Structure formats: structure tokens, C-alpha cells
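Listing of start_22.pdb, PDB, C-alpha atoms
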```
ATOM      1  CA  MET A 239     -56.128  28.911  27.180
ATOM      2  CA  PRO A 240     -57.018  27.597  30.615
ATOM      3  CA  ALA A 241     -54.043  26.917  32.893
ATOM      4  CA  THR A 242     -54.793  23.188  33.190
ATOM      5  CA  LEU A 243     -54.773  22.762  29.417
ATOM      6  CA  THR A 244     -51.470  24.649  29.159
ATOM      7  CA  LYS A 245     -49.919  22.305  31.741
ATOM      8  CA  GLN A 246     -51.287  19.190  30.022
ATOM      9  CA  LEU A 247     -50.208  20.186  26.510
ATOM     10  CA  PRO A 248     -46.475  19.293  26.931
ATOM     11  CA  LEU A 249     -47.430  15.975  28.517
ATOM     12  CA  LEU A 250     -49.869  15.292  25.718
ATOM     13  CA  LEU A 251     -47.187  16.077  23.126
ATOM     14  CA  LEU A 252     -44.720  13.766  24.887
ATOM     15  CA  VAL A 253     -47.190  10.915  24.630
ATOM     16  CA  VAL A 254     -48.827  11.557  21.257
ATOM     17  CA  LEU A 255     -45.755  12.422  19.164
ATOM     18  CA  PRO A 256     -43.853   9.183  19.873
ATOM     19  CA  VAL A 257     -46.979   7.133  19.176
ATOM     20  CA  ILE A 258     -47.558   8.905  15.855
ATOM     21  CA  THR A 259     -43.872   8.542  14.954
ATOM     22  CA  CYS A 260     -43.924   4.808  15.668
ATOM     23  CA  LEU A 261     -47.088   4.309  13.655
ATOM     24  CA  LEU A 262     -45.745   6.154  10.645
ATOM     25  CA  THR A 263     -42.246   4.650  10.578
ATOM     26  CA  SER A 264     -42.536   1.094  11.889
ATOM     27  CA  CYS A 265     -43.343  -1.996   9.885
ATOM     28  CA  SER A 266     -43.613  -5.760  10.169
ATOM     29  CA  SER A 267     -41.226  -7.825   8.036
ATOM     30  CA  THR A 268     -40.945 -11.508   7.215
ATOM     31  CA  LYS A 269     -37.615 -12.477   5.618
ATOM     32  CA  ILE A 270     -36.592 -15.627   3.775
ATOM     33  CA  ILE A 271     -32.834 -15.633   3.211
ATOM     34  CA  THR A 272     -30.624 -18.400   1.869
ATOM     35  CA  GLU A 273     -27.475 -16.259   1.500
ATOM     36  CA  TYR A 274     -26.679 -12.573   1.875
ATOM     37  CA  ASP A 275     -24.822 -12.532  -1.459
ATOM     38  CA  CYS A 276     -26.879 -10.867  -4.203
ATOM     39  CA  ALA A 277     -26.124 -10.853  -7.914
ATOM     40  CA  ASP A 278     -26.473  -7.169  -8.712
ATOM     41  CA  ALA A 279     -24.376  -5.076  -6.326
ATOM     42  CA  ALA A 280     -25.539  -1.782  -7.848
ATOM     43  CA  ASN A 281     -29.238  -2.429  -7.282
ATOM     44  CA  VAL A 282     -29.368  -5.273  -4.779
ATOM     45  CA  ASN A 283     -33.025  -5.207  -3.783
ATOM     46  CA  LYS A 284     -35.836  -5.066  -6.267
ATOM     47  CA  ASP A 285     -39.245  -4.318  -4.802
ATOM     48  CA  THR A 286     -42.880  -3.780  -5.614
ATOM     49  CA  THR A 287     -46.164  -3.359  -3.788
ATOM     50  CA  VAL A 288     -48.774  -6.021  -4.408
ATOM     51  CA  TRP A 289     -52.479  -5.484  -3.805
ATOM     52  CA  HIS A 290     -54.925  -8.224  -2.855
ATOM     53  CA  TYR A 291     -58.654  -7.563  -2.856
ATOM     54  CA  PHE A 292     -61.814  -9.002  -1.314
ATOM     55  CA  TRP A 293     -60.189 -10.911   1.556
ATOM     56  CA  GLY A 294     -57.696 -12.562  -0.793
ATOM     57  CA  LEU A 295     -60.279 -13.788  -3.306
ATOM     58  CA  LYS A 296     -58.663 -11.610  -6.004
ATOM     59  CA  GLN A 297     -54.911 -12.116  -5.772
ATOM     60  CA  SER A 298     -52.270  -9.939  -7.391
ATOM     61  CA  LYS A 299     -50.393 -11.232 -10.432
ATOM     62  CA  ASP A 300     -47.436 -13.526  -9.853
ATOM     63  CA  ILE A 301     -44.087 -11.754  -9.675
ATOM     64  CA  GLN A 302     -41.455 -13.026 -12.085
ATOM     65  CA  PRO A 303     -38.109 -11.645 -10.920
ATOM     66  CA  PRO A 304     -35.716 -10.755 -13.746
ATOM     67  CA  CYS A 305     -32.916 -12.997 -12.490
ATOM     68  CA  ASP A 306     -30.109 -14.291 -14.707
ATOM     69  CA  LYS A 307     -31.510 -17.240 -16.691
ATOM     70  CA  ARG A 308     -28.278 -19.232 -16.188
ATOM     71  CA  TYR A 309     -28.974 -19.482 -12.462
ATOM     72  CA  ASN A 310     -32.577 -18.464 -11.913
ATOM     73  CA  HIS A 311     -32.712 -18.413  -8.097
ATOM     74  CA  LEU A 312     -33.497 -15.920  -5.348
ATOM     75  CA  ASN A 313     -31.309 -15.408  -2.297
ATOM     76  CA  LYS A 314     -33.666 -13.211  -0.308
ATOM     77  CA  VAL A 315     -37.392 -12.396  -0.163
ATOM     78  CA  VAL A 316     -38.868  -9.869   2.289
ATOM     79  CA  VAL A 317     -42.587  -9.195   2.810
ATOM     80  CA  LYS A 318     -43.388  -5.963   4.684
ATOM     81  CA  SER A 319     -46.583  -4.553   6.133
ATOM     82  CA  THR A 320     -46.505  -0.976   7.374
ATOM     83  CA  PRO A 321     -48.981   0.459   9.877
ATOM     84  CA  GLY A 322     -50.537   2.379   6.983
ATOM     85  CA  ASN A 323     -51.086  -0.900   5.108
ATOM     86  CA  VAL A 324     -52.619  -2.495   8.201
ATOM     87  CA  LEU A 325     -54.815   0.555   8.800
ATOM     88  CA  LEU A 326     -56.051   0.467   5.189
ATOM     89  CA  THR A 327     -56.832  -3.230   5.549
ATOM     90  CA  VAL A 328     -58.744  -2.620   8.806
ATOM     91  CA  ILE A 329     -60.658   0.415   7.493
ATOM     92  CA  THR A 330     -61.750  -1.489   4.372
ATOM     93  CA  LEU A 331     -62.531  -4.603   6.468
ATOM     94  CA  GLY A 332     -60.045  -6.664   4.449
ATOM     95  CA  ILE A 333     -61.322  -5.621   1.034
ATOM     96  CA  VAL A 334     -57.934  -4.027   0.201
ATOM     97  CA  ILE A 335     -54.701  -5.669   1.416
ATOM     98  CA  PRO A 336     -51.408  -4.056   0.284
ATOM     99  CA  GLN A 337     -48.001  -5.663   0.919
ATOM    100  CA  LYS A 338     -44.508  -4.602  -0.087
ATOM    101  CA  ILE A 339     -42.359  -7.414  -1.512
ATOM    102  CA  SER A 340     -38.554  -7.104  -1.892
ATOM    103  CA  TRP A 341     -36.142  -9.672  -3.316
ATOM    104  CA  CYS A 342     -32.629 -10.128  -4.623
ATOM    105  CA  CYS A 343     -31.368 -12.586  -7.218
ATOM    106  CA  ALA A 344     -28.621 -15.108  -6.556
ATOM    107  CA  PRO A 345     -25.382 -14.621  -8.497
ATOM    108  CA  PRO A 346     -24.814 -17.133 -11.299
ATOM    109  CA  ASN A 347     -22.982 -20.277 -10.231
ATOM    110  CA  LEU A 348     -20.650 -20.601 -13.197
ATOM    111  CA  GLN A 349     -18.989 -23.988 -13.522
ATOM    112  CA  PRO A 350     -15.228 -23.811 -14.042
ATOM    113  CA  GLY A 351     -13.940 -24.745 -17.505
ATOM    114  CA  ARG A 352     -11.305 -27.357 -18.279
ATOM    115  CA  LEU A 353      -7.673 -26.330 -18.384
ATOM    116  CA  GLY A 354      -5.070 -28.036 -20.545
ATOM    117  CA  ASN A 355      -5.690 -30.892 -23.000
TER     118      ASN A 355
END
```
Let's see the structure in the file written out as C-alpha cells.
Amino acid sequence: MPATLTKQLPLLLLVVLPVITCLLTSCSSTKIITEYDCADAANVNKDTTVWHYFWGLKQSKDIQPPCDKRYNHLNKVVVKSTPGNVLLTVITLGIVIPQKISWCCAPPNLQPGRLGN
């Protein structure tokens, strides 16, 4: 290898590796949170990836979270886009748009019973 390339290689690695790491691990998130209390402590966040096609003309199916029917509410919804998702959207010129959706159900709000007579 030429001497100039050998000297530039460590500098190139110092610049390229952090950029690649950021692109592969970072993401953009939008959160909607009413409370941080979730119903199911064992598996707090449910998630899925939805796919939209043709610039949003073909939408994914609606998500029906399996929350407790007694108190059918969500406490948190998070929509994430990773650099890979953005890159896929750009490469396909918006024909394919993936998004990761996470949510957690609200715990049931049980009304207290009557005590006594």
C-alpha cells in the first residue's frame, strides 16, 4: 500500500465507523403517552411493523390492540422510523414505507364495590 493511503486509513476509519454506527442504530420516534402505567407488566410493549405502499395510497390494515375489554384504552403509542426504513423509502421513491408501531394497554379502572348493607 502507498504510504499516504496507510496514513489516511486510520483517519478514514475514525470518520466512517461512527457514521455507519449511527445510521444502523439510530431511529426517529414519536410518542403519545397519557400515563406510564401499563396493564401487563410481563409484556408491557406490544409492537408490529406496518407497511404502506404507493405513497400511502395503499395503507396497512388497522391495528386492533388486544386490550382488556373492561377498559379498552391505550396509555402509550410510539411510532419509530429507523435509518434503514428511511433508506428503503428513499430508494423506492416512496413506493414502500415501513414503520414500527409500539403500544401498551391501560390497566382496567375497576370501580370499587359497596361495603356493608
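Residue nearest Ile271 of chain A within the list A:Thr330, A:Leu325, A:Ser340, A:Val316: A:Val316 [criterion: smallest interatomic distance, only C-alpha atoms].
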Of A:Gln302, A:Gln297, A:Thr287, A:Tyr309, the one sitting nearest Asn323 of chain A when using only C-alpha atoms is A:Thr287
List the residues matched by the PyMOL selection byres ((chain A and resi 315) around 8) in the displayed structure as a PyMOL selection string, ordered by chain and then by residue number.
chain A and resi 269-271+312-314+316-317+339-342
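Considering all atoms listed in the file, the residue among A:Ile335, A:Ile301, A:Ala344, A:Val253 positioned nearest to Lys318 of chain A is A:Ile335.
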With distances taken over only C-alpha atoms, the candidate from A:Gln337, A:Thr272, A:Trp293, A:Gln246 nearest Pro321 of chain A is A:Gln337
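One finds atom CA of Asp285 of chain A at 11.6 Å from atom CA of Pro304 of chain A.
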Enter the distance from atom CA of Tyr291 of chain A to atom CA of Val328 of chain A, in Å, rounded to one decimal.
12.7 Å
For the atom pair atom CA of Lys299 of chain A and atom CA of Thr286 of chain A, what is the interatomic distance in Å to one decimal place?
11.6 Å
For Thr320 of chain A, which of A:Val254, A:Leu295, A:Gly332, A:Thr268 is the closest residue, counting all atoms listed in the file?
A:Thr268
Given the file shown, enumerate the residues that the PyMOL selection byres ((chain A and resi 289) around 6) captures and present them as number ranges by chain.
A: 288, 290, 298, 335-336
With 4 Å added on each side, what axis-aligned box encloses every listed atom of segment 313-321 of chain A? Give the centre and edge lengths in Å to one decimal, as lines of an AutoDock Vina configuration file.
```
center_x = -40.1
center_y = -7.5
center_z = 3.8
size_x = 25.7
size_y = 23.9
size_z = 20.2
```
Between A:Lys338, A:Lys307, A:Lys296, A:Ile333, smallest distance to Ser319 of chain A by all atoms listed in the file belongs to A:Lys338
